[in-house]
Amino acid sequence: MTALLVVAKAPVPGLAKTRLCPPATPEQAAELAAASLLDTLDAVHSTPGAHPVVALTGDLDDAARATELRERFARGTLLGQRGEGFPQRLAAAHADTAAAHPGLPVLQIGMDTPQVTAELLADACHRLVGADAVYGPAADGGWWAIGFRDPRLAGLLADIPTSRPDTGRRTLNALRTAGVRVDALPELVDVDTMHDACAVASGVPRTRFAAALAGCPR
């Protein structure tokens, strides 16, 4: 059993996926963000032995696909994010998930990889049986997944800057310096730009994300 944590931002127009604008409008970018989150939650809820958790920031009342998202959130544990900066919120989300599901390892992903599958997540959860941590690199130099058999180790994330080309390297260095045994997961592409969105959607043409992208200018 694993607590499967999705760290998410409410897909509000003008605040979500702003790097897609232009060519997308703020409303289209928010639709893409919502679709990506819903596809991600599909994979999470289909992962055997997973306890779904969402750590959310932002106003869901103003979000795209708010009704669908509320219904999905109700199927698991919904937490609010806390902390000053994003690295601190990541560490706090792991701690709060561990408090809600004591004794379970925590695997954390974001909402930027709608191509993720239940099979990939199940494999990551299985690897946590024999490793202290698992780490999924992203093509932009960051990471798309990180998990800890002992969630207290996630406190190491609080001091690592995010959204940088060296975020992944810094994260791995911090874990290894602390003596954490890390098992690597396959690399995925995070959706940050329209180029990323097109590349990801081409590989998962039957997803909500691909359908939402079909209505966007390129």
# chains A, B, ... in the order shown; residues from 1 in each chain; ligands from 1
>>> select_by_dssp(residues="chain A", states="strand (DSSP E or B)", output="PyMOL selection string")
chain A and resi 2-9+50-57+77-80+106-109+133-138+143-148+182-184+188
>>> select_by_dssp(residues="region 66-217 of chain A", states="helix (DSSP H, G or I)", output="PyMOL selection string")
chain A and resi 66-73+86-100+118-127+151-159+167-177+194-203+208-214
>>> write_last_selection(atoms="C-alpha atoms", output="short mmCIF file (atom, residue, chain, number, x, y, z; two decimals), in the first residue's frame")
data_model
loop_
_atom_site.label_atom_id
_atom_site.label_comp_id
_atom_site.auth_asym_id
_atom_site.auth_seq_id
_atom_site.Cartn_x
_atom_site.Cartn_y
_atom_site.Cartn_z
CA ALA A 66 -14.47 22.44 -11.31
CA THR A 67 -17.41 20.02 -11.00
CA GLU A 68 -15.43 17.10 -12.45
CA LEU A 69 -12.44 17.89 -10.27
CA ARG A 70 -14.52 18.07 -7.09
CA GLU A 71 -16.01 14.69 -7.86
CA ARG A 72 -12.57 13.18 -8.33
CA PHE A 73 -11.13 14.80 -5.24
CA PHE A 86 6.96 25.79 -3.46
CA PRO A 87 9.84 23.68 -2.06
CA GLN A 88 8.43 24.16 1.44
CA ARG A 89 4.93 23.27 0.22
CA LEU A 90 6.26 20.06 -1.33
CA ALA A 91 7.87 18.99 1.93
CA ALA A 92 4.74 19.92 3.88
CA ALA A 93 2.51 17.96 1.47
CA HIS A 94 4.56 14.82 2.11
CA ALA A 95 4.36 15.38 5.88
CA ASP A 96 0.60 15.98 5.78
CA THR A 97 0.05 12.93 3.59
CA ALA A 98 2.04 10.81 6.01
CA ALA A 99 -0.08 12.14 8.89
CA ALA A 100 -3.27 11.27 7.00
CA ALA A 118 -1.25 3.22 -13.68
CA GLU A 119 1.37 0.65 -14.71
CA LEU A 120 4.17 3.20 -14.37
CA LEU A 121 2.89 4.35 -10.99
CA ALA A 122 2.45 0.78 -9.76
CA ASP A 123 6.05 0.02 -10.72
CA ALA A 124 7.24 3.11 -8.81
CA CYS A 125 5.28 2.03 -5.75
CA HIS A 126 6.75 -1.47 -5.97
CA ARG A 127 10.28 -0.10 -6.14
CA PRO A 151 8.15 10.19 4.28
CA ARG A 152 10.26 12.13 6.79
CA LEU A 153 13.03 12.12 4.18
CA ALA A 154 10.92 14.49 2.08
CA GLY A 155 12.05 17.26 4.42
CA LEU A 156 15.16 17.37 2.23
CA LEU A 157 13.04 18.91 -0.55
CA ALA A 158 12.36 22.10 1.42
CA ASP A 159 15.77 23.60 0.59
CA THR A 167 16.57 21.06 -9.97
CA GLY A 168 16.89 17.35 -10.69
CA ARG A 169 20.64 17.31 -10.18
CA ARG A 170 20.34 19.26 -6.95
CA THR A 171 17.63 16.90 -5.71
CA LEU A 172 19.67 13.78 -6.43
CA ASN A 173 22.76 15.32 -4.85
CA ALA A 174 20.84 16.17 -1.68
CA LEU A 175 19.42 12.66 -1.41
CA ARG A 176 22.72 10.92 -2.01
CA THR A 177 24.59 13.22 0.36
CA MET A 194 3.08 24.28 -26.42
CA HIS A 195 5.89 22.19 -27.92
CA ASP A 196 5.76 19.95 -24.84
CA ALA A 197 1.97 19.76 -25.04
CA CYS A 198 2.01 18.65 -28.68
CA ALA A 199 4.71 16.06 -28.04
CA VAL A 200 2.86 14.56 -25.08
CA ALA A 201 -0.58 14.59 -26.71
CA SER A 202 0.72 12.76 -29.78
CA GLY A 203 1.60 9.81 -27.55
CA ARG A 208 -8.82 14.43 -22.21
CA PHE A 209 -5.57 16.32 -22.61
CA ALA A 210 -5.24 15.48 -26.30
CA ALA A 211 -8.88 16.40 -26.88
CA ALA A 212 -8.42 19.75 -25.16
CA LEU A 213 -5.28 20.47 -27.17
CA ALA A 214 -7.10 19.75 -30.45
#
>>> closest_atom_pairs(of="region 73-175 of chain A", to="region 5-21 of chain A", cutoff="6 Å", atoms="only C-alpha atoms", output="JSON lines")
{"residue": "A:Leu107", "atom": "CA", "partner": "A:Leu5", "partner_atom": "CA", "distance": 5.9}
{"residue": "A:Gln108", "atom": "CA", "partner": "A:Leu5", "partner_atom": "CA", "distance": 4.5}
{"residue": "A:Ile109", "atom": "CA", "partner": "A:Val6", "partner_atom": "CA", "distance": 5.1}
{"residue": "A:Gly110", "atom": "CA", "partner": "A:Val7", "partner_atom": "CA", "distance": 5.0}
{"residue": "A:Met111", "atom": "CA", "partner": "A:Ala8", "partner_atom": "CA", "distance": 5.9}
>>> closest_residue(among="A:Ala24, A:Leu79, A:Met1, A:Ile160", to="Thr193 (chain A)", atoms="only C-alpha atoms")
A:Ala24
>>> closest_residue(among="A:Asp192, A:Glu31, A:Asp166, A:Glu187", to="Tyr135 (chain A)", atoms="only C-alpha atoms")
A:Glu187
>>> closest_residue(among="A:Pro48, A:Pro165, A:Pro114, A:Gly136", to="Val204 (chain A)", atoms="only C-alpha atoms")
A:Pro114
>>> atom_distance(atom1="CA of Thr47 (chain A)", atom2="CA of Ala3 (chain A)")
10.7 Å
>>> atom_distance(atom1="CA of Thr40 (chain A)", atom2="CA of Val116 (chain A)")
6.5 Å
